[in-house]
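*Asks:* File follows, data33.cif with mmCIF, C-alpha atoms:
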data_work
loop_
_atom_site.label_atom_id
_atom_site.label_comp_id
_atom_site.auth_asym_id
_atom_site.auth_seq_id
_atom_site.Cartn_x
_atom_site.Cartn_y
_atom_site.Cartn_z
CA GLN A 1 181.32 112.17 80.16
CA ALA A 2 185.03 112.66 79.54
CA PHE A 3 184.64 111.33 75.99
CA ARG A 4 181.68 113.64 75.36
CA ARG A 5 183.68 116.65 76.55
CA GLU A 6 186.04 116.07 73.63
CA THR A 7 183.13 116.65 71.22
CA GLU A 8 182.59 120.16 69.89
CA GLY A 9 179.46 121.81 71.26
CA PHE A 10 179.10 119.54 74.32
CA VAL A 11 177.67 121.25 77.42
CA SER A 12 176.52 118.53 79.84
CA LEU A 13 174.99 115.10 80.14
CA SER A 14 171.28 115.07 79.31
CA PHE A 15 170.62 112.59 82.15
CA SER A 16 172.56 110.35 84.52
CA THR A 17 174.16 107.56 82.52
CA ILE A 18 172.75 104.06 83.01
CA SER A 19 175.74 101.71 82.85
CA ALA A 20 174.61 98.25 83.91
CA SER A 21 175.77 94.66 83.53
CA GLY A 22 174.24 91.31 84.41
CA PRO A 23 171.45 91.56 87.01
CA ASN A 24 171.90 95.34 87.27
CA ALA A 25 170.70 95.65 83.67
CA ALA A 26 167.37 94.14 84.73
CA LEU A 27 166.61 97.48 86.45
CA ALA A 28 165.30 99.72 83.66
CA HIS A 29 166.44 102.90 85.46
CA TYR A 30 169.47 101.52 87.27
CA GLY A 31 171.85 103.97 88.92
CA PRO A 32 175.36 102.70 89.73
CA THR A 33 176.66 102.93 93.27
CA GLU A 34 179.85 101.80 94.98
CA LYS A 35 177.88 98.93 96.52
CA SER A 36 176.22 97.75 93.31
CA ASN A 37 179.23 98.17 91.01
CA ARG A 38 180.45 94.90 89.52
CA GLU A 39 183.02 93.71 87.01
CA LEU A 40 181.95 92.63 83.53
CA ALA A 41 181.78 88.85 83.28
CA GLU A 42 181.96 86.48 80.32
CA GLY A 43 178.59 85.75 78.77
CA GLU A 44 176.84 88.64 80.51
CA ILE A 45 174.83 91.51 79.09
CA PHE A 46 176.06 95.09 79.32
CA LEU A 47 173.49 97.87 78.81
CA LEU A 48 174.47 101.51 78.28
CA ASP A 49 171.87 104.29 78.14
CA SER A 50 173.47 107.70 77.76
CA GLY A 51 172.96 111.14 76.28
CA GLY A 52 174.35 114.62 76.04
CA GLN A 53 173.23 118.22 75.81
CA TYR A 54 174.91 119.98 72.90
CA VAL A 55 174.48 123.53 71.66
CA ASP A 56 172.76 122.11 68.57
CA GLY A 57 170.61 119.40 70.15
CA THR A 58 170.10 116.64 72.70
CA THR A 59 170.90 112.93 72.43
CA ASP A 60 169.54 109.81 74.16
CA VAL A 61 170.64 106.37 72.98
CA THR A 62 170.67 102.85 74.45
CA ARG A 63 172.63 99.88 73.18
CA THR A 64 172.94 96.39 74.61
CA VAL A 65 176.02 94.21 74.05
CA VAL A 66 177.27 90.90 75.36
CA VAL A 67 180.68 90.12 76.80
CA GLY A 68 181.98 87.12 74.86
CA PRO A 69 179.77 84.56 73.15
CA PRO A 70 176.03 84.88 73.97
CA SER A 71 173.73 82.09 75.05
CA ASP A 72 170.84 81.04 72.83
CA GLU A 73 168.46 82.58 75.36
CA LEU A 74 170.13 85.97 75.16
CA ARG A 75 170.10 85.87 71.36
CA LEU A 76 166.40 85.00 71.31
CA CYS A 77 165.48 87.82 73.69
CA TYR A 78 167.67 90.40 71.97
CA THR A 79 166.36 89.47 68.53
CA ARG A 80 162.76 89.81 69.71
CA VAL A 81 163.55 93.26 71.15
CA LEU A 82 165.23 94.22 67.87
CA GLN A 83 162.21 92.98 65.92
CA GLY A 84 160.00 95.09 68.18
CA HIS A 85 162.17 98.11 67.48
CA ILE A 86 161.99 97.52 63.74
CA GLY A 87 158.25 96.82 63.85
CA LEU A 88 157.63 100.36 65.07
CA ALA A 89 160.56 102.12 63.39
CA ALA A 90 159.48 100.86 59.93
CA ALA A 91 155.80 101.80 60.36
CA VAL A 92 153.93 104.03 57.91
CA PHE A 93 150.78 105.61 59.35
CA PRO A 94 148.31 108.41 58.62
CA GLU A 95 148.52 111.81 60.24
CA GLY A 96 146.28 111.84 63.32
CA VAL A 97 147.51 108.51 64.70
CA THR A 98 148.78 108.62 68.29
CA GLY A 99 151.71 106.89 69.94
CA HIS A 100 149.28 104.85 72.02
CA GLN A 101 147.81 103.40 68.82
CA LEU A 102 151.28 102.51 67.47
CA ASP A 103 152.78 101.11 70.68
CA ILE A 104 151.59 97.55 70.05
CA LEU A 105 153.80 97.30 66.94
CA ALA A 106 156.86 97.24 69.21
CA ARG A 107 155.40 94.66 71.58
CA LEU A 108 153.99 92.05 69.20
CA PRO A 109 157.32 90.31 68.41
CA LEU A 110 158.04 90.02 72.15
CA TRP A 111 154.56 88.79 72.99
CA ARG A 112 154.94 85.97 70.45
CA SER A 113 157.73 84.57 72.65
CA GLY A 114 156.05 85.37 75.95
CA LEU A 115 158.19 88.44 76.59
CA GLU A 116 157.11 91.91 77.73
CA TYR A 117 158.48 95.19 79.09
CA ARG A 118 156.73 97.41 81.61
CA HIS A 119 157.70 100.89 80.48
CA GLY A 120 156.75 103.21 77.67
CA THR A 121 158.07 102.64 74.17
CA GLY A 122 158.88 106.23 73.28
CA HIS A 123 159.09 109.82 74.49
CA GLY A 124 159.71 113.14 72.82
CA VAL A 125 163.19 114.67 73.02
CA GLY A 126 163.69 118.42 73.37
CA ALA A 127 166.49 120.33 71.66
CA PHE A 128 168.69 121.34 74.61
CA LEU A 129 165.63 121.15 76.86
CA SER A 130 164.21 118.11 78.66
CA VAL A 131 165.36 114.75 77.34
CA HIS A 132 161.82 113.52 78.11
CA GLU A 133 159.51 116.04 76.53
CA GLY A 134 155.88 116.00 75.36
CA PRO A 135 153.30 116.59 74.26
CA HIS A 136 153.39 113.16 72.61
CA LEU A 137 154.18 109.74 74.04
CA ILE A 138 154.37 106.18 72.71
CA SER A 139 152.93 103.99 75.43
CA PHE A 140 150.65 101.00 75.94
CA ALA A 141 148.90 102.98 78.67
CA ARG A 142 146.68 105.70 77.22
CA ARG A 143 146.94 109.17 78.70
CA GLU A 144 144.91 112.32 78.17
CA PRO A 145 145.36 114.34 76.11
CA ASP A 146 146.56 111.66 73.68
CA VAL A 147 148.41 113.91 71.23
CA ALA A 148 148.80 112.67 67.65
CA LEU A 149 152.24 112.40 66.09
CA ARG A 150 153.02 115.12 63.57
CA ALA A 151 155.77 115.74 61.04
CA GLY A 152 158.73 117.39 62.76
CA PHE A 153 158.22 115.61 66.10
CA THR A 154 161.14 113.61 67.49
CA THR A 155 160.57 110.53 69.62
CA SER A 156 162.53 107.66 71.04
CA ILE A 157 161.76 104.05 70.12
CA GLU A 158 163.02 101.85 72.95
CA PRO A 159 161.51 98.41 73.52
CA GLY A 160 163.30 96.16 75.99
CA TYR A 161 163.16 93.00 78.05
CA TYR A 162 164.17 92.47 81.69
CA GLU A 163 164.51 89.39 83.91
CA GLU A 164 164.88 90.28 87.57
CA GLY A 165 168.18 89.13 89.04
CA ARG A 166 169.53 87.95 85.66
CA PHE A 167 169.76 90.44 82.79
CA GLY A 168 168.05 93.25 80.92
CA MET A 169 168.26 94.67 77.42
CA ARG A 170 166.96 97.69 75.53
CA ILE A 171 167.47 99.17 72.07
CA GLU A 172 166.81 102.90 71.78
CA ASN A 173 167.02 105.22 68.80
CA ILE A 174 165.78 108.77 68.44
CA VAL A 175 163.72 109.14 65.27
CA LEU A 176 162.16 112.02 63.36
CA VAL A 177 158.53 111.93 62.24
CA GLU A 178 158.40 112.94 58.58
CA PRO A 179 156.07 112.65 55.54
CA ALA A 180 156.21 109.21 53.90
CA PRO A 181 156.24 108.85 50.12
CA VAL A 182 153.37 106.51 49.20
CA ALA A 183 151.77 105.46 45.93
CA HIS A 184 148.23 106.26 47.05
CA ARG A 185 146.62 108.65 49.53
CA ILE A 186 143.67 107.95 51.79
CA SER A 187 142.35 111.38 50.87
CA PRO A 188 143.80 114.63 49.49
CA GLU A 189 143.84 116.00 53.04
CA THR A 190 145.64 113.02 54.62
CA THR A 191 149.42 112.91 54.91
CA MET A 192 151.14 109.58 55.55
CA LEU A 193 154.00 109.63 58.03
CA ARG A 194 157.03 107.50 58.86
CA PHE A 195 160.01 107.49 61.22
CA SER A 196 163.51 108.42 60.08
CA PRO A 197 166.36 107.45 62.46
CA LEU A 198 168.55 110.20 63.87
CA THR A 199 170.62 107.85 66.06
CA LEU A 200 173.42 106.18 64.12
CA VAL A 201 174.92 103.37 66.21
CA PRO A 202 175.20 99.74 64.99
CA PHE A 203 173.07 97.01 66.52
CA HIS A 204 175.04 94.26 68.30
CA ARG A 205 175.57 91.59 65.63
CA SER A 206 176.49 88.61 67.82
CA LEU A 207 173.16 88.91 69.65
CA ILE A 208 171.10 88.79 66.44
CA ASP A 209 169.66 85.40 65.50
CA THR A 210 169.11 85.86 61.77
CA ARG A 211 167.04 82.64 61.63
CA LEU A 212 164.24 84.51 63.41
CA LEU A 213 164.25 87.50 61.06
CA SER A 214 162.01 88.06 58.06
CA PRO A 215 163.55 89.24 54.76
CA GLN A 216 162.04 92.68 55.44
CA GLU A 217 163.69 92.85 58.87
CA VAL A 218 167.06 91.83 57.44
CA ALA A 219 166.69 94.52 54.78
CA TYR A 220 165.88 97.14 57.43
CA ILE A 221 168.97 96.25 59.49
CA ASP A 222 171.25 96.22 56.44
CA GLU A 223 169.89 99.55 55.20
CA TYR A 224 170.27 101.09 58.65
CA HIS A 225 173.85 99.88 58.95
CA THR A 226 174.62 101.17 55.45
CA GLU A 227 173.39 104.60 56.56
CA VAL A 228 175.45 104.41 59.77
CA TRP A 229 178.57 103.70 57.71
CA ARG A 230 177.75 106.38 55.12
CA GLN A 231 177.31 109.15 57.68
CA VAL A 232 179.76 108.19 60.42
CA SER A 233 182.76 106.76 58.55
CA PRO A 234 183.77 110.13 56.96
CA LEU A 235 184.19 111.49 60.50
CA LEU A 236 186.79 108.78 61.24
CA ASN A 237 189.48 110.00 58.87
CA GLY A 238 192.28 110.98 61.23
CA PRO A 239 195.57 109.11 61.81
CA ALA A 240 194.32 107.85 65.18
CA ASP A 241 190.94 106.71 63.81
CA ALA A 242 192.02 103.60 61.89
CA ALA A 243 190.97 101.13 64.60
CA CYS A 244 187.60 102.86 65.10
CA ARG A 245 186.96 102.93 61.37
CA ALA A 246 187.77 99.21 61.07
CA TRP A 247 185.47 98.47 64.03
CA LEU A 248 182.64 100.41 62.39
CA ARG A 249 183.19 98.76 59.01
CA GLU A 250 182.97 95.27 60.51
CA ARG A 251 179.77 96.09 62.41
CA THR A 252 177.95 97.68 59.48
CA LEU A 253 178.46 94.93 56.89
CA PRO A 254 175.36 93.10 55.62
CA LEU A 255 174.07 90.39 57.93
CA PRO A 256 175.19 86.85 57.02
CA ALA A 257 172.62 84.51 55.54
CA ALA A 258 170.68 82.51 58.12
#
Translate this structure into structure tokens?
*Replies:*
Amino acid sequence: QAFRRETEGFVSLSFSTISASGPNAALAHYGPTEKSNRELAEGEIFLLDSGGQYVDGTTDVTRTVVVGPPSDELRLCYTRVLQGHIGLAAAVFPEGVTGHQLDILARLPLWRSGLEYRHGTGHGVGAFLSVHEGPHLISFARREPDVALRAGFTTSIEPGYYEEGRFGMRIENIVLVEPAPVAHRISPETTMLRFSPLTLVPFHRSLIDTRLLSPQEVAYIDEYHTEVWRQVSPLLNGPADAACRAWLRERTLPLPAA
């Protein structure tokens, strides 16, 4: 919160920060206490889910990192979660489709490895209102009314994976629903839609197993990181920003060949 206070337009946190490592990260809505607090340990996952209320909008972002070198198991699980995120984030779909119909796109890569998460995949985000705001929802469980996604809606995309007593991971971006440029139209009355990311934070490179990625997934990650660098690096132009700029440059370079 102290870091956010330094940002122009900050008013308050948009929800209680989830700062969790190791087995604590296996609790999707973990809240730290004096009793549960623990030091970061080598080889463990650290999950941070945080957001802020600003005069010009609301944020909600989750990133998962590892302390030191990751195990093969952690890289497999993280890569499947990332593939689930991309599977939904890269979707193109006709107007009238609901989040319930799209939810499976985020789960398929996890299911192929026997993985699953037992929470919704996405929720609307209000502008300086509720960080969880309808009327739409992206969820495996259908609810009524099942409101279709429309251009101008914002939603989170946040697949994850959790093993009780061991670790948990989640990747969350806020995206904007917008018209998609396509070569053909289903009908003159039908608009195709896509998601455009509003969250600009690099994915954690050491947890990505590029051998599991398709060329299309590699291209998505590289294009996303290029956009992160393009939009964020100009903000790191002060005398004290050199280390941050170098950190960002290293983490937004193209992925190495598998």
*Asks:* I'd like to see the residues matched by the PyMOL selection byres ((chain A and resi 227-232) around 8) on this file, and ideally I'd get them as a list in words.
*Replies:*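 Selection result, ordered by chain and number: Leu200, Val201, Pro202, Glu223, Tyr224, His225, Thr226, Ser233, Pro234, Leu235, Leu236, Leu248, Arg249 and Thr252 of chain A.
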*Asks:* Just the residues within 7 Å of region 12-25 of chain A, please, counting all atoms listed in the file, with nothing from its chain fewer than 6 positions along; format it as a list of chain:residue names.
*Replies:*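 Skipping anything fewer than 6 positions along the chain leaves A:Gln1, A:Gly31, A:Pro32, A:Leu40, A:Glu44, A:Ile45, A:Phe46, A:Leu47, A:Leu48, A:Asp49, A:Ser50, A:Gly51, A:Gly52, A:Gln53, A:Thr58, A:Val131, A:Glu164, A:Gly165, A:Arg166, A:Phe167, A:Gly168, A:Met169.
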*Asks:* Need to verify the contact set: Leu76 (chain A), 12 Å, only C-alpha atoms, exclusion of same-chain residues closer than 4 positions in sequence. Can you return it as number ranges by chain?
*Replies:* A: 70-72, 80-83, 109-110, 112-115, 161, 169, 206-213
*Asks:* Write the residues you've just listed into a file as a compact mmCIF listing (two decimals), in the frame of the given file, and include C-alpha atoms for each of them.
*Replies:*
# COMPACT_ATOMS: atom_id res chain seq x y z
CA PRO A 70 176.03 84.88 73.97
CA SER A 71 173.73 82.09 75.05
CA ASP A 72 170.84 81.04 72.83
CA ARG A 80 162.76 89.81 69.71
CA VAL A 81 163.55 93.26 71.15
CA LEU A 82 165.23 94.22 67.87
CA GLN A 83 162.21 92.98 65.92
CA PRO A 109 157.32 90.31 68.41
CA LEU A 110 158.04 90.02 72.15
CA ARG A 112 154.94 85.97 70.45
CA SER A 113 157.73 84.57 72.65
CA GLY A 114 156.05 85.37 75.95
CA LEU A 115 158.19 88.44 76.59
CA TYR A 161 163.16 93.00 78.05
CA MET A 169 168.26 94.67 77.42
CA SER A 206 176.49 88.61 67.82
CA LEU A 207 173.16 88.91 69.65
CA ILE A 208 171.10 88.79 66.44
CA ASP A 209 169.66 85.40 65.50
CA THR A 210 169.11 85.86 61.77
CA ARG A 211 167.04 82.64 61.63
CA LEU A 212 164.24 84.51 63.41
CA LEU A 213 164.25 87.50 61.06
*Asks:* Given the PyMOL selection byres ((chain A and resi 171) around 8) and the file above, list the residues it selects as a list in words.
*Replies:*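 That selection, the PyMOL selection byres ((chain A and resi 171) around 8), comes back as Val61, Thr62, Arg63, Thr64, Val81, Leu82, His85, Ile157, Glu158, Pro159, Gly160, Met169, Arg170, Glu172 and Asn173 of chain A.
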*Asks:* With all atoms listed in the file as the atoms that count, which of A:Glu8, A:Val97, A:His119, A:Gly84 lies nearest to Ala28 (chain A)?
*Replies:*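 Selected residue with least distance to Ala28 (chain A): A:His119.
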*Asks:* Taking all atoms of region 120-139 of chain A that appear in the file, build a box with edges along x, y and z, extend it by 5 Å on every side, and state its centre and edge lengths in Å to one decimal, as AutoDock Vina command-line options.
*Replies:*
--center_x 160.8 --center_y 112.0 --center_z 75.2 --size_x 25.8 --size_y 28.7 --size_z 17.0
*Asks:* Report as a ChimeraX atom specification all protein, DNA and RNA residues lying within 6 Å of region 142-151 of chain A, evaluated on only C-alpha atoms, omitting residues in the same chain fewer than 3 positions from it.
*Replies:* /A:96-98,100,136,177-178
*Asks:* Which is closer to Ala91 (chain A) than all the others in A:Ala257, A:Pro179, A:Pro69, A:Pro135, using all atoms listed in the file?
*Replies:*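 Nearest to Ala91 (chain A): A:Pro179.
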*Asks:* Residues near Thr190 (chain A), anyone? I mean within 9 Å using only C-alpha atoms, not counting same-chain ones fewer than 5 positions away, as a list of chain:residue names.
*Replies:*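 The residues that qualify are A:Pro94, A:Glu95, A:Gly96, A:Arg185.
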*Asks:* In Å, with one decimal, what is the gap from CA of Val66 (chain A) to CA of Trp247 (chain A)?
*Replies:*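 That distance, rounded to one decimal, is 15.9 Å.
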*Asks:* I need the residue nearest Thr154 (chain A) from this list: A:Ser196, A:Asn237, A:Gln101, A:Ser36. Use all atoms listed in the file for the distance.
*Replies:* A:Ser196
*Asks:* Name the residues captured by the PyMOL selection byres ((chain A and resi 68) around 6) when it is applied to the shown file; answer as an NGL selection string.
*Replies:* :A and (42-43 or 67 or 69)
*Asks:* From the set A:Pro197, A:Gly122, A:Pro215, A:Pro254, which residue has the shortest atom-to-atom contact distance to Ala106 (chain A), counting only C-alpha atoms?
*Replies:*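 Of all the options, A:Gly122 lies closest to Ala106 (chain A).
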*Asks:* Could you add N, CA, C and O atoms to region 71-85 of chain A and give me the result as a PDB file, in the coordinates of the input?
*Replies:*
ATOM      1  N   SER A  71     174.530  83.322  74.984  1.00  0.00           N
ATOM      2  CA  SER A  71     173.730  82.090  75.050  1.00  0.00           C
ATOM      3  C   SER A  71     172.595  82.186  74.033  1.00  0.00           C
ATOM      4  O   SER A  71     172.239  83.265  73.557  1.00  0.00           O
ATOM      5  N   ASP A  72     171.989  81.052  73.730  1.00  0.00           N
ATOM      6  CA  ASP A  72     170.840  81.040  72.830  1.00  0.00           C
ATOM      7  C   ASP A  72     169.685  81.861  73.405  1.00  0.00           C
ATOM      8  O   ASP A  72     168.946  82.515  72.665  1.00  0.00           O
ATOM      9  N   GLU A  73     169.529  81.823  74.721  1.00  0.00           N
ATOM     10  CA  GLU A  73     168.460  82.580  75.360  1.00  0.00           C
ATOM     11  C   GLU A  73     168.651  84.076  75.156  1.00  0.00           C
ATOM     12  O   GLU A  73     167.690  84.791  74.819  1.00  0.00           O
ATOM     13  N   LEU A  74     169.871  84.546  75.343  1.00  0.00           N
ATOM     14  CA  LEU A  74     170.130  85.970  75.160  1.00  0.00           C
ATOM     15  C   LEU A  74     169.908  86.385  73.709  1.00  0.00           C
ATOM     16  O   LEU A  74     169.359  87.462  73.438  1.00  0.00           O
ATOM     17  N   ARG A  75     170.296  85.537  72.766  1.00  0.00           N
ATOM     18  CA  ARG A  75     170.100  85.870  71.360  1.00  0.00           C
ATOM     19  C   ARG A  75     168.613  85.914  71.001  1.00  0.00           C
ATOM     20  O   ARG A  75     168.171  86.786  70.250  1.00  0.00           O
ATOM     21  N   LEU A  76     167.842  84.997  71.542  1.00  0.00           N
ATOM     22  CA  LEU A  76     166.400  85.000  71.310  1.00  0.00           C
ATOM     23  C   LEU A  76     165.785  86.293  71.833  1.00  0.00           C
ATOM     24  O   LEU A  76     165.040  86.986  71.119  1.00  0.00           O
ATOM     25  N   CYS A  77     166.082  86.627  73.081  1.00  0.00           N
ATOM     26  CA  CYS A  77     165.480  87.820  73.690  1.00  0.00           C
ATOM     27  C   CYS A  77     165.905  89.088  72.967  1.00  0.00           C
ATOM     28  O   CYS A  77     165.074  89.963  72.690  1.00  0.00           O
ATOM     29  N   TYR A  78     167.183  89.200  72.660  1.00  0.00           N
ATOM     30  CA  TYR A  78     167.670  90.400  71.970  1.00  0.00           C
ATOM     31  C   TYR A  78     167.027  90.520  70.589  1.00  0.00           C
ATOM     32  O   TYR A  78     166.602  91.611  70.183  1.00  0.00           O
ATOM     33  N   THR A  79     166.939  89.421  69.873  1.00  0.00           N
ATOM     34  CA  THR A  79     166.360  89.470  68.530  1.00  0.00           C
ATOM     35  C   THR A  79     164.903  89.874  68.580  1.00  0.00           C
ATOM     36  O   THR A  79     164.430  90.643  67.723  1.00  0.00           O
ATOM     37  N   ARG A  80     164.159  89.400  69.572  1.00  0.00           N
ATOM     38  CA  ARG A  80     162.760  89.810  69.710  1.00  0.00           C
ATOM     39  C   ARG A  80     162.667  91.308  70.024  1.00  0.00           C
ATOM     40  O   ARG A  80     161.783  92.009  69.499  1.00  0.00           O
ATOM     41  N   VAL A  81     163.550  91.818  70.866  1.00  0.00           N
ATOM     42  CA  VAL A  81     163.550  93.260  71.150  1.00  0.00           C
ATOM     43  C   VAL A  81     163.882  94.040  69.880  1.00  0.00           C
ATOM     44  O   VAL A  81     163.250  95.060  69.580  1.00  0.00           O
ATOM     45  N   LEU A  82     164.863  93.555  69.124  1.00  0.00           N
ATOM     46  CA  LEU A  82     165.230  94.220  67.870  1.00  0.00           C
ATOM     47  C   LEU A  82     164.060  94.184  66.884  1.00  0.00           C
ATOM     48  O   LEU A  82     163.786  95.177  66.192  1.00  0.00           O
ATOM     49  N   GLN A  83     163.371  93.065  66.804  1.00  0.00           N
ATOM     50  CA  GLN A  83     162.210  92.980  65.920  1.00  0.00           C
ATOM     51  C   GLN A  83     161.111  93.954  66.366  1.00  0.00           C
ATOM     52  O   GLN A  83     160.418  94.548  65.526  1.00  0.00           O
ATOM     53  N   GLY A  84     160.956  94.116  67.681  1.00  0.00           N
ATOM     54  CA  GLY A  84     160.000  95.090  68.180  1.00  0.00           C
ATOM     55  C   GLY A  84     160.392  96.502  67.775  1.00  0.00           C
ATOM     56  O   GLY A  84     159.548  97.311  67.362  1.00  0.00           O
ATOM     57  N   HIS A  85     161.672  96.788  67.886  1.00  0.00           N
ATOM     58  CA  HIS A  85     162.170  98.110  67.480  1.00  0.00           C
ATOM     59  C   HIS A  85     161.886  98.359  65.996  1.00  0.00           C
ATOM     60  O   HIS A  85     161.358  99.418  65.618  1.00  0.00           O
TER      61      HIS A  85
END
